[in-house]
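J.: model_1.pdb (PDB, C-alpha atoms) pasted underneath:
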MODEL        1
ATOM      1  CA  MET A  21      89.677  11.060 -27.129
ATOM      2  CA  PRO A  22      86.885  10.150 -24.680
ATOM      3  CA  ALA A  23      86.773   6.637 -23.309
ATOM      4  CA  PRO A  24      84.218   4.278 -24.854
ATOM      5  CA  LEU A  25      80.960   3.594 -23.084
ATOM      6  CA  LEU A  26      81.570   0.356 -21.164
ATOM      7  CA  PRO A  27      79.006  -0.116 -18.380
ATOM      8  CA  VAL A  28      78.938  -3.184 -16.158
ATOM      9  CA  THR A  29      76.934  -6.007 -17.776
ATOM     10  CA  LEU A  30      75.730  -9.411 -16.636
ATOM     11  CA  ASP A  31      78.095 -12.305 -17.327
ATOM     12  CA  VAL A  32      75.583 -14.238 -19.437
ATOM     13  CA  SER A  33      76.354 -15.760 -22.812
ATOM     14  CA  LEU A  34      74.401 -13.999 -25.563
ATOM     15  CA  ASP A  35      76.275 -15.368 -28.574
ATOM     16  CA  ALA A  36      73.013 -16.616 -30.104
ATOM     17  CA  ALA A  37      71.251 -13.267 -29.703
ATOM     18  CA  GLY A  38      71.132 -12.839 -33.476
ATOM     19  CA  VAL A  39      68.824 -15.822 -33.794
ATOM     20  CA  VAL A  40      66.038 -13.574 -32.493
ATOM     21  CA  ALA A  41      66.122 -11.708 -35.817
ATOM     22  CA  LEU A  42      65.252 -14.985 -37.574
ATOM     23  CA  ALA A  43      62.009 -15.517 -35.660
ATOM     24  CA  ASP A  44      59.027 -15.916 -38.004
ATOM     25  CA  VAL A  45      57.066 -13.052 -36.449
ATOM     26  CA  GLN A  46      54.345 -11.544 -38.649
ATOM     27  CA  THR A  47      54.323  -7.972 -37.337
ATOM     28  CA  ILE A  48      56.181  -6.562 -40.360
ATOM     29  CA  GLN A  49      53.896  -8.505 -42.706
ATOM     30  CA  GLU A  50      50.834  -7.154 -40.910
ATOM     31  CA  ARG A  51      52.168  -3.601 -41.150
ATOM     32  CA  THR A  52      52.746  -4.074 -44.873
ATOM     33  CA  ALA A  53      49.164  -5.275 -45.354
ATOM     34  CA  LEU A  54      47.621  -2.442 -43.315
ATOM     35  CA  THR A  55      49.537   0.250 -45.202
ATOM     36  CA  GLY A  56      49.239  -1.499 -48.563
ATOM     37  CA  THR A  57      52.929  -1.001 -49.262
ATOM     38  CA  ALA A  58      56.201  -0.136 -47.516
ATOM     39  CA  VAL A  59      57.441   3.368 -46.663
ATOM     40  CA  TYR A  60      60.984   4.661 -46.485
ATOM     41  CA  LEU A  61      60.859   5.201 -42.729
ATOM     42  CA  ASP A  62      60.380   1.439 -42.372
ATOM     43  CA  ALA A  63      64.153   1.142 -42.878
ATOM     44  CA  LEU A  64      64.526   2.061 -39.193
ATOM     45  CA  ILE A  65      61.967  -0.517 -38.046
ATOM     46  CA  LEU A  66      64.278  -3.393 -37.125
ATOM     47  CA  CYS A  67      62.506  -6.335 -35.563
ATOM     48  CA  PRO A  68      62.245 -10.116 -36.055
ATOM     49  CA  GLY A  69      60.623 -11.207 -39.306
ATOM     50  CA  ILE A  70      62.443  -8.884 -41.706
ATOM     51  CA  HIS A  71      62.986 -11.808 -44.076
ATOM     52  CA  MET A  72      59.239 -12.592 -44.056
ATOM     53  CA  GLN A  73      57.974  -9.313 -45.557
ATOM     54  CA  GLN A  74      57.646 -10.593 -49.125
ATOM     55  CA  LYS A  75      55.247 -13.267 -47.824
ATOM     56  CA  SER A  76      52.711 -10.655 -46.714
ATOM     57  CA  PRO A  77      50.060 -11.856 -49.237
ATOM     58  CA  GLU A  78      49.862 -15.122 -47.272
ATOM     59  CA  LEU A  79      48.259 -13.385 -44.272
ATOM     60  CA  ASN A  80      44.770 -14.070 -45.634
ATOM     61  CA  LEU A  81      45.380 -17.827 -45.169
ATOM     62  CA  SER A  82      44.369 -18.469 -48.804
ATOM     63  CA  GLU A  83      40.814 -17.216 -48.254
ATOM     64  CA  TYR A  84      39.187 -15.392 -51.178
ATOM     65  CA  PRO A  85      35.576 -14.861 -50.054
ATOM     66  CA  ALA A  86      32.522 -14.574 -52.269
ATOM     67  CA  CYS A  87      31.259 -11.049 -52.820
ATOM     68  CA  GLY A  88      27.976  -9.800 -54.256
ATOM     69  CA  ALA A  89      27.359  -6.380 -55.813
ATOM     70  CA  MET A  90      23.936  -5.446 -54.442
ATOM     71  CA  THR A  91      23.537  -2.676 -57.030
ATOM     72  CA  THR A  92      24.087  -4.850 -60.121
ATOM     73  CA  GLY A  93      23.617  -8.447 -58.989
ATOM     74  CA  TYR A  94      27.072  -9.594 -60.066
ATOM     75  CA  VAL A  95      28.905 -12.069 -57.833
ATOM     76  CA  PHE A  96      32.693 -12.445 -57.715
ATOM     77  CA  ARG A  97      35.515 -12.965 -55.224
ATOM     78  CA  VAL A  98      37.630 -10.524 -53.265
ATOM     79  CA  GLU A  99      41.032 -11.131 -54.867
ATOM     80  CA  ASN A 100      43.083  -8.595 -52.896
ATOM     81  CA  SER A 101      44.736 -10.642 -50.139
ATOM     82  CA  ALA A 102      45.527  -7.601 -47.962
ATOM     83  CA  MET A 103      41.891  -6.536 -48.142
ATOM     84  CA  VAL A 104      40.799 -10.047 -47.135
ATOM     85  CA  TYR A 105      43.201  -9.956 -44.183
ATOM     86  CA  TYR A 106      41.708  -6.636 -43.056
ATOM     87  CA  LEU A 107      38.168  -8.000 -43.389
ATOM     88  CA  GLN A 108      39.171 -10.986 -41.255
ATOM     89  CA  GLN A 109      40.396  -8.613 -38.559
ATOM     90  CA  VAL A 110      37.306  -6.397 -38.416
ATOM     91  CA  GLY A 111      34.676  -9.095 -39.044
ATOM     92  CA  LYS A 112      32.751 -10.701 -36.202
ATOM     93  CA  THR A 113      30.841 -13.987 -36.266
ATOM     94  CA  GLY A 114      27.078 -13.498 -36.658
ATOM     95  CA  HIS A 115      27.463  -9.764 -37.233
ATOM     96  CA  LEU A 116      27.319  -7.424 -40.205
ATOM     97  CA  THR A 117      30.230  -4.982 -40.262
ATOM     98  CA  THR A 118      29.894  -1.973 -42.556
ATOM     99  CA  LEU A 119      32.931  -0.394 -44.199
ATOM    100  CA  SER A 120      33.394   2.684 -46.345
ATOM    101  CA  VAL A 121      36.043   3.351 -48.985
ATOM    102  CA  SER A 122      37.215   6.947 -49.370
ATOM    103  CA  PRO A 123      38.394   8.422 -52.692
ATOM    104  CA  LYS A 124      41.963   8.279 -53.905
ATOM    105  CA  ILE A 125      44.735  10.189 -52.142
ATOM    106  CA  SER A 126      46.499  12.503 -54.593
ATOM    107  CA  GLY A 127      48.878  15.435 -54.863
ATOM    108  CA  TRP A 128      51.542  16.206 -52.282
ATOM    109  CA  GLU A 129      49.880  13.852 -49.774
ATOM    110  CA  SER A 130      50.835  10.831 -51.877
ATOM    111  CA  TYR A 131      54.499  11.903 -51.840
ATOM    112  CA  LEU A 132      54.469  12.513 -48.090
ATOM    113  CA  SER A 133      52.863   9.123 -47.446
ATOM    114  CA  ALA A 134      55.815   7.481 -49.206
ATOM    115  CA  THR A 135      57.898   8.394 -46.148
ATOM    116  CA  PHE A 136      55.303   7.713 -43.457
ATOM    117  CA  SER A 137      51.866   6.191 -43.913
ATOM    118  CA  TYR A 138      49.770   8.597 -41.840
ATOM    119  CA  HIS A 139      46.371   8.518 -43.556
ATOM    120  CA  ASN A 140      45.158   5.430 -41.695
ATOM    121  CA  THR A 141      46.947   5.974 -38.397
ATOM    122  CA  THR A 142      45.697   6.981 -34.970
ATOM    123  CA  THR A 143      47.518   8.954 -32.297
ATOM    124  CA  ARG A 144      48.480   5.775 -30.438
ATOM    125  CA  SER A 145      49.699   3.957 -33.515
ATOM    126  CA  SER A 146      51.752   6.988 -34.594
ATOM    127  CA  LEU A 147      53.324   7.274 -31.139
ATOM    128  CA  ALA A 148      54.189   3.572 -31.099
ATOM    129  CA  TYR A 149      55.665   3.736 -34.604
ATOM    130  CA  GLY A 150      57.613   6.899 -33.823
ATOM    131  CA  SER A 151      58.953   5.318 -30.638
ATOM    132  CA  ILE A 152      60.511   2.521 -32.708
ATOM    133  CA  VAL A 153      62.351   5.047 -34.874
ATOM    134  CA  ILE A 154      63.625   6.859 -31.781
ATOM    135  CA  LEU A 155      64.631   3.538 -30.193
ATOM    136  CA  THR A 156      66.613   2.535 -33.284
ATOM    137  CA  ILE A 157      68.471   5.858 -33.445
ATOM    138  CA  THR A 158      69.187   5.711 -29.706
ATOM    139  CA  ILE A 159      70.571   2.174 -29.925
ATOM    140  CA  ILE A 160      72.807   3.148 -32.853
ATOM    141  CA  ILE A 161      74.181   6.110 -30.856
ATOM    142  CA  LEU A 162      74.818   3.964 -27.768
ATOM    143  CA  ILE A 163      76.590   1.272 -29.799
ATOM    144  CA  GLY A 164      78.699   4.002 -31.418
ATOM    145  CA  LEU A 165      79.600   5.480 -28.036
ATOM    146  CA  ALA A 166      80.705   2.009 -26.942
ATOM    147  CA  ARG A 167      82.875   1.818 -30.079
ATOM    148  CA  ASP A 168      81.401  -1.544 -30.932
ATOM    149  CA  TRP A 169      82.114  -1.479 -34.659
ATOM    150  CA  TRP A 170      80.788  -4.983 -35.161
ATOM    151  CA  GLY A 171      77.572  -3.839 -33.513
ATOM    152  CA  LEU A 172      77.254  -0.917 -35.911
ATOM    153  CA  ALA A 173      77.950  -3.268 -38.820
ATOM    154  CA  VAL A 174      75.215  -5.661 -37.697
ATOM    155  CA  VAL A 175      72.644  -2.878 -37.371
ATOM    156  CA  ALA A 176      73.717  -1.418 -40.723
ATOM    157  CA  LEU A 177      73.216  -4.811 -42.393
ATOM    158  CA  LEU A 178      69.722  -5.086 -40.917
ATOM    159  CA  ILE A 179      68.900  -1.628 -42.290
ATOM    160  CA  LEU A 180      70.281  -2.680 -45.683
ATOM    161  CA  SER A 181      68.052  -5.768 -45.650
ATOM    162  CA  ARG A 182      65.054  -3.592 -44.819
ATOM    163  CA  ILE A 183      65.858  -1.182 -47.658
ATOM    164  CA  CYS A 184      66.056  -4.076 -50.126
ATOM    165  CA  ASN A 185      62.641  -5.348 -49.040
ATOM    166  CA  ILE A 186      61.126  -1.863 -49.054
ATOM    167  CA  VAL A 187      62.219  -1.238 -52.644
ATOM    168  CA  VAL A 188      60.823  -4.585 -53.804
ATOM    169  CA  ILE A 189      57.521  -4.156 -51.941
ATOM    170  CA  ARG A 190      57.007  -0.660 -53.360
ATOM    171  CA  ARG A 191      57.622  -1.964 -56.876
ATOM    172  CA  ARG A 192      55.305  -4.939 -56.391
ATOM    173  CA  SER A 193      52.500  -2.857 -54.856
ATOM    174  CA  THR A 194      52.145  -0.552 -57.855
ATOM    175  CA  PRO A 195      48.424  -0.601 -58.802
ATOM    176  CA  GLY A 196      47.704  -2.874 -61.737
ATOM    177  CA  TRP A 197      44.546  -4.207 -63.357
ATOM    178  CA  ALA A 198      41.323  -3.428 -61.465
ATOM    179  CA  GLY A 199      38.630  -3.687 -64.118
ATOM    180  CA  ALA A 200      37.032  -1.054 -66.350
ATOM    181  CA  LYS A 201      36.584   2.484 -65.027
ATOM    182  CA  GLU A 202      33.095   3.549 -63.928
ATOM    183  CA  PRO A 203      33.554   7.151 -62.741
ATOM    184  CA  GLY A 204      30.927   8.615 -60.447
ATOM    185  CA  VAL A 205      29.014   5.334 -59.972
ATOM    186  CA  SER A 206      28.235   4.277 -56.393
ATOM    187  CA  GLY A 207      28.620   0.661 -55.301
ATOM    188  CA  ASP A 208      27.442  -1.523 -52.441
ATOM    189  CA  LEU A 209      29.090  -4.900 -51.795
ATOM    190  CA  LEU A 210      28.303  -7.755 -49.435
ATOM    191  CA  VAL A 211      31.179 -10.089 -48.585
ATOM    192  CA  LEU A 212      30.615 -13.521 -47.032
ATOM    193  CA  LEU A 213      33.666 -14.370 -44.955
ATOM    194  CA  SER A 214      34.396 -17.677 -43.280
ATOM    195  CA  GLN A 215      33.044 -18.290 -39.762
ATOM    196  CA  ASP A 216      29.794 -16.480 -40.686
ATOM    197  CA  ARG A 217      31.311 -13.023 -40.743
ATOM    198  CA  TRP A 218      29.442 -10.618 -43.041
ATOM    199  CA  ILE A 219      30.966  -7.428 -44.391
ATOM    200  CA  ARG A 220      29.232  -4.617 -46.267
ATOM    201  CA  ILE A 221      31.502  -2.274 -48.250
ATOM    202  CA  GLN A 222      30.201   1.015 -49.637
ATOM    203  CA  GLY A 223      31.810   3.632 -51.875
ATOM    204  CA  PHE A 224      32.344   4.562 -55.491
ATOM    205  CA  VAL A 225      32.684   1.577 -57.816
ATOM    206  CA  ASP A 226      36.166   2.569 -58.979
ATOM    207  CA  ASP A 227      37.346   2.769 -55.368
ATOM    208  CA  LEU A 228      35.732  -0.555 -54.516
ATOM    209  CA  LYS A 229      37.406  -2.200 -57.503
ATOM    210  CA  SER A 230      40.770  -0.763 -56.486
ATOM    211  CA  VAL A 231      40.680  -2.405 -53.041
ATOM    212  CA  THR A 232      38.997  -5.711 -53.937
ATOM    213  CA  SER A 233      40.034  -6.599 -57.490
ATOM    214  CA  GLY A 234      43.268  -7.637 -59.145
ATOM    215  CA  GLN A 235      46.536  -8.516 -57.439
ATOM    216  CA  TRP A 236      47.785  -6.637 -54.387
ATOM    217  CA  LEU A 237      51.468  -7.576 -54.709
ATOM    218  CA  ARG A 238      52.323  -8.777 -58.180
ATOM    219  CA  ASP A 239      54.699 -11.707 -58.636
ATOM    220  CA  GLN A 240      58.362 -10.868 -58.274
ATOM    221  CA  SER A 241      60.523 -10.389 -61.339
ATOM    222  CA  LYS A 242      63.851 -12.223 -61.565
ATOM    223  CA  LEU A 243      65.747  -9.142 -60.413
ATOM    224  CA  GLU A 244      63.363  -8.587 -57.495
ATOM    225  CA  GLY A 245      63.739 -12.252 -56.546
ATOM    226  CA  TRP A 246      67.502 -11.850 -56.439
ATOM    227  CA  VAL A 247      67.233  -8.721 -54.283
ATOM    228  CA  THR A 248      64.858 -10.509 -51.911
ATOM    229  CA  ALA A 249      67.217 -13.473 -51.696
ATOM    230  CA  LEU A 250      70.114 -11.124 -50.933
ATOM    231  CA  ALA A 251      68.093  -9.420 -48.188
ATOM    232  CA  THR A 252      67.273 -12.799 -46.643
ATOM    233  CA  VAL A 253      70.901 -13.939 -46.723
ATOM    234  CA  ILE A 254      71.921 -10.662 -45.063
ATOM    235  CA  VAL A 255      69.594 -11.389 -42.129
ATOM    236  CA  TYR A 256      71.066 -14.860 -41.674
ATOM    237  CA  LEU A 257      74.589 -13.451 -41.997
ATOM    238  CA  ASP A 258      73.704 -10.946 -39.311
ATOM    239  CA  ALA A 259      72.730 -13.743 -36.956
ATOM    240  CA  ALA A 260      76.149 -15.321 -37.482
ATOM    241  CA  LEU A 261      78.032 -12.071 -36.907
ATOM    242  CA  VAL A 262      76.367 -11.213 -33.591
ATOM    243  CA  SER A 263      78.878 -13.354 -31.689
ATOM    244  CA  ASN A 264      81.519 -10.708 -32.518
ATOM    245  CA  LEU A 265      79.656  -8.003 -30.617
ATOM    246  CA  THR A 266      80.606  -6.889 -27.134
ATOM    247  CA  GLN A 267      78.343  -7.961 -24.284
ATOM    248  CA  LEU A 268      76.816  -4.480 -24.215
ATOM    249  CA  GLY A 269      76.305  -4.582 -27.977
ATOM    250  CA  LYS A 270      74.422  -7.873 -27.726
ATOM    251  CA  ILE A 271      72.192  -6.506 -24.960
ATOM    252  CA  LEU A 272      71.453  -3.370 -26.974
ATOM    253  CA  LEU A 273      70.678  -5.430 -30.095
ATOM    254  CA  LEU A 274      68.268  -7.643 -28.144
ATOM    255  CA  THR A 275      66.647  -4.541 -26.685
ATOM    256  CA  LEU A 276      66.235  -3.136 -30.182
ATOM    257  CA  LEU A 277      64.741  -6.308 -31.686
ATOM    258  CA  ILE A 278      62.392  -7.162 -28.824
ATOM    259  CA  GLY A 279      61.373  -3.558 -28.118
ATOM    260  CA  SER A 280      60.703  -2.866 -31.801
ATOM    261  CA  VAL A 281      58.522  -5.926 -32.347
ATOM    262  CA  GLY A 282      56.467  -5.089 -29.257
ATOM    263  CA  LEU A 283      55.938  -1.462 -30.276
ATOM    264  CA  LEU A 284      55.147  -2.442 -33.869
ATOM    265  CA  ALA A 285      52.528  -4.898 -32.608
ATOM    266  CA  ILE A 286      50.936  -2.038 -30.667
ATOM    267  CA  ALA A 287      51.061   0.208 -33.735
ATOM    268  CA  ASN A 288      49.342  -2.484 -35.815
ATOM    269  CA  SER A 289      46.638  -3.162 -33.259
ATOM    270  CA  GLU A 290      45.882   0.557 -32.959
ATOM    271  CA  THR A 291      45.641   1.006 -36.741
ATOM    272  CA  LYS A 292      41.903   0.778 -37.380
ATOM    273  CA  SER A 293      41.824   1.487 -41.127
ATOM    274  CA  LEU A 294      43.385  -0.007 -44.237
ATOM    275  CA  GLN A 295      45.300   2.003 -46.815
ATOM    276  CA  MET A 296      45.285   0.377 -50.231
ATOM    277  CA  HIS A 297      46.281   1.897 -53.576
ATOM    278  CA  GLY A 298      45.664   5.396 -52.263
ATOM    279  CA  ARG A 299      42.237   4.582 -50.828
ATOM    280  CA  ILE A 300      41.286   4.357 -47.154
ATOM    281  CA  VAL A 301      38.991   1.570 -45.964
ATOM    282  CA  SER A 302      37.468   2.125 -42.528
ATOM    283  CA  VAL A 303      34.694   0.752 -40.326
ATOM    284  CA  THR A 304      31.554   2.856 -40.024
ATOM    285  CA  GLY A 305      29.622   2.110 -36.858
ATOM    286  CA  PRO A 306      29.573  -0.967 -34.615
ATOM    287  CA  PRO A 307      28.903  -4.481 -35.986
ATOM    288  CA  ARG A 308      25.218  -5.433 -36.041
ATOM    289  CA  LEU A 309      24.088  -8.815 -34.720
ATOM    290  CA  TYR A 310      21.644 -11.051 -36.630
ATOM    291  CA  LYS A 311      20.027 -14.200 -35.247
ATOM    292  CA  ARG A 312      20.341 -15.913 -38.609
ATOM    293  CA  ARG A 313      21.784 -15.149 -42.019
ATOM    294  CA  ARG A 314      18.347 -15.216 -43.662
ATOM    295  CA  ASP A 315      17.286 -12.202 -41.589
ATOM    296  CA  LEU A 316      20.264 -10.291 -42.964
ATOM    297  CA  ALA A 317      19.440 -11.346 -46.523
ATOM    298  CA  ASP A 318      15.781 -10.350 -46.233
ATOM    299  CA  GLU A 319      16.673  -6.948 -44.823
ATOM    300  CA  LEU A 320      19.204  -6.172 -47.555
ATOM    301  CA  ILE A 321      16.894  -7.477 -50.309
ATOM    302  CA  LYS A 322      14.184  -5.128 -49.097
ATOM    303  CA  GLU A 323      16.646  -2.227 -48.914
ATOM    304  CA  THR A 324      18.176  -2.770 -52.367
ATOM    305  CA  GLY A 325      14.985  -3.866 -54.107
ATOM    306  CA  ARG A 326      16.581  -6.868 -55.801
ATOM    307  CA  ASP A 327      17.451 -10.428 -54.822
ATOM    308  CA  ASP A 328      19.612 -11.718 -57.687
ATOM    309  CA  TRP A 329      22.826 -11.159 -55.731
ATOM    310  CA  ALA A 330      21.426 -13.034 -52.703
ATOM    311  CA  ILE A 331      20.351 -15.994 -54.860
ATOM    312  CA  ARG A 332      23.761 -16.205 -56.534
ATOM    313  CA  LEU A 333      25.483 -16.049 -53.152
ATOM    314  CA  GLY A 334      23.284 -18.897 -51.899
ATOM    315  CA  MET A 335      21.776 -16.794 -49.125
ATOM    316  CA  VAL A 336      18.167 -17.349 -50.225
ATOM    317  CA  ASN A 337      16.227 -19.806 -52.377
ATOM    318  CA  ASN A 338      14.860 -18.542 -55.688
ATOM    319  CA  GLU A 339      11.402 -20.046 -55.166
ATOM    320  CA  VAL A 340      11.114 -18.626 -51.657
ATOM    321  CA  THR A 341      11.928 -15.075 -52.753
ATOM    322  CA  LYS A 342       9.281 -15.232 -55.483
ATOM    323  CA  VAL A 343       6.678 -15.956 -52.831
ATOM    324  CA  THR A 344       7.856 -13.357 -50.301
ATOM    325  CA  MET A 345       8.507 -10.454 -52.688
TER     326      MET A 345
ENDMDL
END
Would you kindly transcribe this structure into structure tokens?
T.:
Amino acid sequence: MPAPLLPVTLDVSLDAAGVVALADVQTIQERTALTGTAVYLDALILCPGIHMQQKSPELNLSEYPACGAMTTGYVFRVENSAMVYYLQQVGKTGHLTTLSVSPKISGWESYLSATFSYHNTTTRSSLAYGSIVILTITIIILIGLARDWWGLAVVALLILSRICNIVVIRRRSTPGWAGAKEPGVSGDLLVLLSQDRWIRIQGFVDDLKSVTSGQWLRDQSKLEGWVTALATVIVYLDAALVSNLTQLGKILLLTLLIGSVGLLAIANSETKSLQMHGRIVSVTGPPRLYKRRRDLADELIKETGRDDWAIRLGMVNNEVTKVTM
């Protein structure tokens, strides 16, 4: 039998290395919001913040901005918290950012995207994400070669915690209520975000409803709450068990956690589009600067031929528009 892999390591105490896994880092939450769900390959994405994934809807910081339908005049709020988070990321103060929503993904593509969310990725984000998977597999092999059974157990528990969260997220992200169907009808929305960020979203009405209306992640059922609690306890148990690892095992675990969170942050930052309920939301063109919000309102009123949406959003005064139109 070959000797275990036992390289020379620094004589530094790393008994608390597992605490790193408990860091409240939002990278996994951000990935969940950008992809609209969780995919099976996420089970190999082991980084700090695993126990925070079910709190992904909190990324929008409780903002639900006003939104006006410039084709009908109706005014409502954007209720999808993941969509609001994405708008916050692409919006720019004093600028109008235009987005488009593509039709629903269907057929074999929907099954393939359950393993890896590739519809809204770029080459860089895919490389960063793939590097995490390779890193995880490599670390598992190295820990196995070192015959650090506690190390393998710790990594296996982290994967188990991820699987629990993935199953719950996929169940919670099943599309629910999004209003009445209006097939073939085009829509044009204007969203007023905080900090004077203005977003225009264009696409078919059914697609717009799917990404802005209803609840992104429904409330957890009792069973899902128990599974989430179990996954959280597993992460904390992992932190306690790390002291049983060899020095090499602790170093490899730290490398895995820190390397994964860094690569996942790169993958998130390089993901320019949002995938939500089978639709893809993406930016079309650079943001356009306006000296004042009234200039934006006047331009869009002239383009759409109606001002009821602008009045209801408080962008213009009713009496003023009667004089100018």
J.: Write out as a list of chain:residue names each polymer residue whose atoms come within 9 Å of Ser146 in chain A, counting all atoms listed in the file; drop sequence neighbours fewer than 5 positions from it.
T.: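 Contacts, in chain order: A:Tyr138, A:Thr141, A:Ser151, A:Ala287, A:Glu290, A:Thr291.
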J.: What's the separation between CA of Ile271 in chain A and CA of Ile159 in chain A, in Å to one decimal place?
T.: 10.1 Å
J.: I'd like the contact shell of Thr248 in chain A - 9 Å cut-off, only C-alpha atoms, skipping same-chain residues fewer than 6 positions apart - returned as a list of chain:residue names.
T.: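 Final neighbour list, sorted by chain and number: A:His71, A:Gln74, A:Ser181, A:Cys184, A:Asn185, A:Val188.
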J.: Generate a file of the selected residues that holds C-alpha atoms, formatted as a PDB file, in the coordinates of the input.
T.:
ATOM      1  CA  HIS A  71      62.986 -11.808 -44.076  1.00  0.00           C
ATOM      2  CA  GLN A  74      57.646 -10.593 -49.125  1.00  0.00           C
ATOM      3  CA  SER A 181      68.052  -5.768 -45.650  1.00  0.00           C
ATOM      4  CA  CYS A 184      66.056  -4.076 -50.126  1.00  0.00           C
ATOM      5  CA  ASN A 185      62.641  -5.348 -49.040  1.00  0.00           C
ATOM      6  CA  VAL A 188      60.823  -4.585 -53.804  1.00  0.00           C
TER       7      VAL A 188
END
J.: Please compute the CA of Gln235 in chain A-CA of Ser82 in chain A distance, one decimal, in Å.
T.: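 It comes out at 13.4 Å.
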J.: In Å to one decimal, how far is CA of Ser145 in chain A from CA of Ala251 in chain A?
T.: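 Between these atoms lies a distance of 27.1 Å.
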J.: What do you get, as an mmCIF file with C-alpha atoms, in the coordinates of the input, if you spell out every residue that the PyMOL selection byres ((chain A and resi 320-337) around 10) selects here?
T.:
data_model
loop_
_atom_site.group_PDB
_atom_site.id
_atom_site.type_symbol
_atom_site.label_atom_id
_atom_site.label_comp_id
_atom_site.auth_asym_id
_atom_site.auth_seq_id
_atom_site.Cartn_x
_atom_site.Cartn_y
_atom_site.Cartn_z
ATOM 1 C CA ALA A 86 32.522 -14.574 -52.269
ATOM 2 C CA CYS A 87 31.259 -11.049 -52.820
ATOM 3 C CA GLY A 88 27.976 -9.800 -54.256
ATOM 4 C CA ALA A 89 27.359 -6.380 -55.813
ATOM 5 C CA MET A 90 23.936 -5.446 -54.442
ATOM 6 C CA THR A 91 23.537 -2.676 -57.030
ATOM 7 C CA THR A 92 24.087 -4.850 -60.121
ATOM 8 C CA GLY A 93 23.617 -8.447 -58.989
ATOM 9 C CA TYR A 94 27.072 -9.594 -60.066
ATOM 10 C CA VAL A 95 28.905 -12.069 -57.833
ATOM 11 C CA PHE A 96 32.693 -12.445 -57.715
ATOM 12 C CA ASP A 208 27.442 -1.523 -52.441
ATOM 13 C CA LEU A 209 29.090 -4.900 -51.795
ATOM 14 C CA LEU A 210 28.303 -7.755 -49.435
ATOM 15 C CA VAL A 211 31.179 -10.089 -48.585
ATOM 16 C CA LEU A 212 30.615 -13.521 -47.032
ATOM 17 C CA ARG A 313 21.784 -15.149 -42.019
ATOM 18 C CA ARG A 314 18.347 -15.216 -43.662
ATOM 19 C CA ASP A 315 17.286 -12.202 -41.589
ATOM 20 C CA LEU A 316 20.264 -10.291 -42.964
ATOM 21 C CA ALA A 317 19.440 -11.346 -46.523
ATOM 22 C CA ASP A 318 15.781 -10.350 -46.233
ATOM 23 C CA GLU A 319 16.673 -6.948 -44.823
ATOM 24 C CA ASN A 338 14.860 -18.542 -55.688
ATOM 25 C CA GLU A 339 11.402 -20.046 -55.166
ATOM 26 C CA VAL A 340 11.114 -18.626 -51.657
ATOM 27 C CA THR A 341 11.928 -15.075 -52.753
ATOM 28 C CA LYS A 342 9.281 -15.232 -55.483
ATOM 29 C CA MET A 345 8.507 -10.454 -52.688
#
J.: Any chance you could resolve the PyMOL selection byres ((chain A and resi 219-224) around 6) against this file and give the residues as a PyMOL selection string?
T.: chain A and resi 116-121+205-211+218+225-227
J.: List the spatial neighbours of Leu273 in chain A as a PyMOL selection string - criterion: any atom at most 9 Å away, only C-alpha atoms, same-chain residues fewer than 6 positions off excluded.
T.: chain A and resi 37-38+159+163+171+174-175+262
J.: Return as a ChimeraX atom specification the set of residues that the PyMOL selection byres ((chain A and resi 76) around 7) yields on the displayed structure.
T.: /A:49,52-53,73-75,77-79
J.: Based on the selection just made, write C-alpha atoms of those residues as a PDB file, keeping the file's coordinate frame.
T.:
ATOM      1  CA  GLN A  49      53.896  -8.505 -42.706  1.00  0.00           C
ATOM      2  CA  THR A  52      52.746  -4.074 -44.873  1.00  0.00           C
ATOM      3  CA  ALA A  53      49.164  -5.275 -45.354  1.00  0.00           C
ATOM      4  CA  GLN A  73      57.974  -9.313 -45.557  1.00  0.00           C
ATOM      5  CA  GLN A  74      57.646 -10.593 -49.125  1.00  0.00           C
ATOM      6  CA  LYS A  75      55.247 -13.267 -47.824  1.00  0.00           C
ATOM      7  CA  PRO A  77      50.060 -11.856 -49.237  1.00  0.00           C
ATOM      8  CA  GLU A  78      49.862 -15.122 -47.272  1.00  0.00           C
ATOM      9  CA  LEU A  79      48.259 -13.385 -44.272  1.00  0.00           C
TER      10      LEU A  79
END
J.: So, with all atoms listed in the file as the atoms that count, which of A:Val187, A:Ile254, A:Ile278, A:Ala200 lies closest to Gln240 in chain A?
T.: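 Result for the nearest residue to Gln240 in chain A: A:Val187.
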J.: Near Gln109 in chain A, counting only C-alpha atoms, which residues have an atom at most 10 Å away, once you skip same-chain residues fewer than 5 positions from it, shown as JSON, numbers by chain?
T.: {"A": [80, 103, 104, 289, 292]}
J.: Within 6 Å of range 294-298 of chain A, counting all atoms listed in the file, which residues qualify if same-chain residues fewer than 5 places away don't, as a list in words?
T.: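 Contacts, with the query itself left out: Leu54, Thr55, Gly56, Lys124 and Ile125 of chain A.
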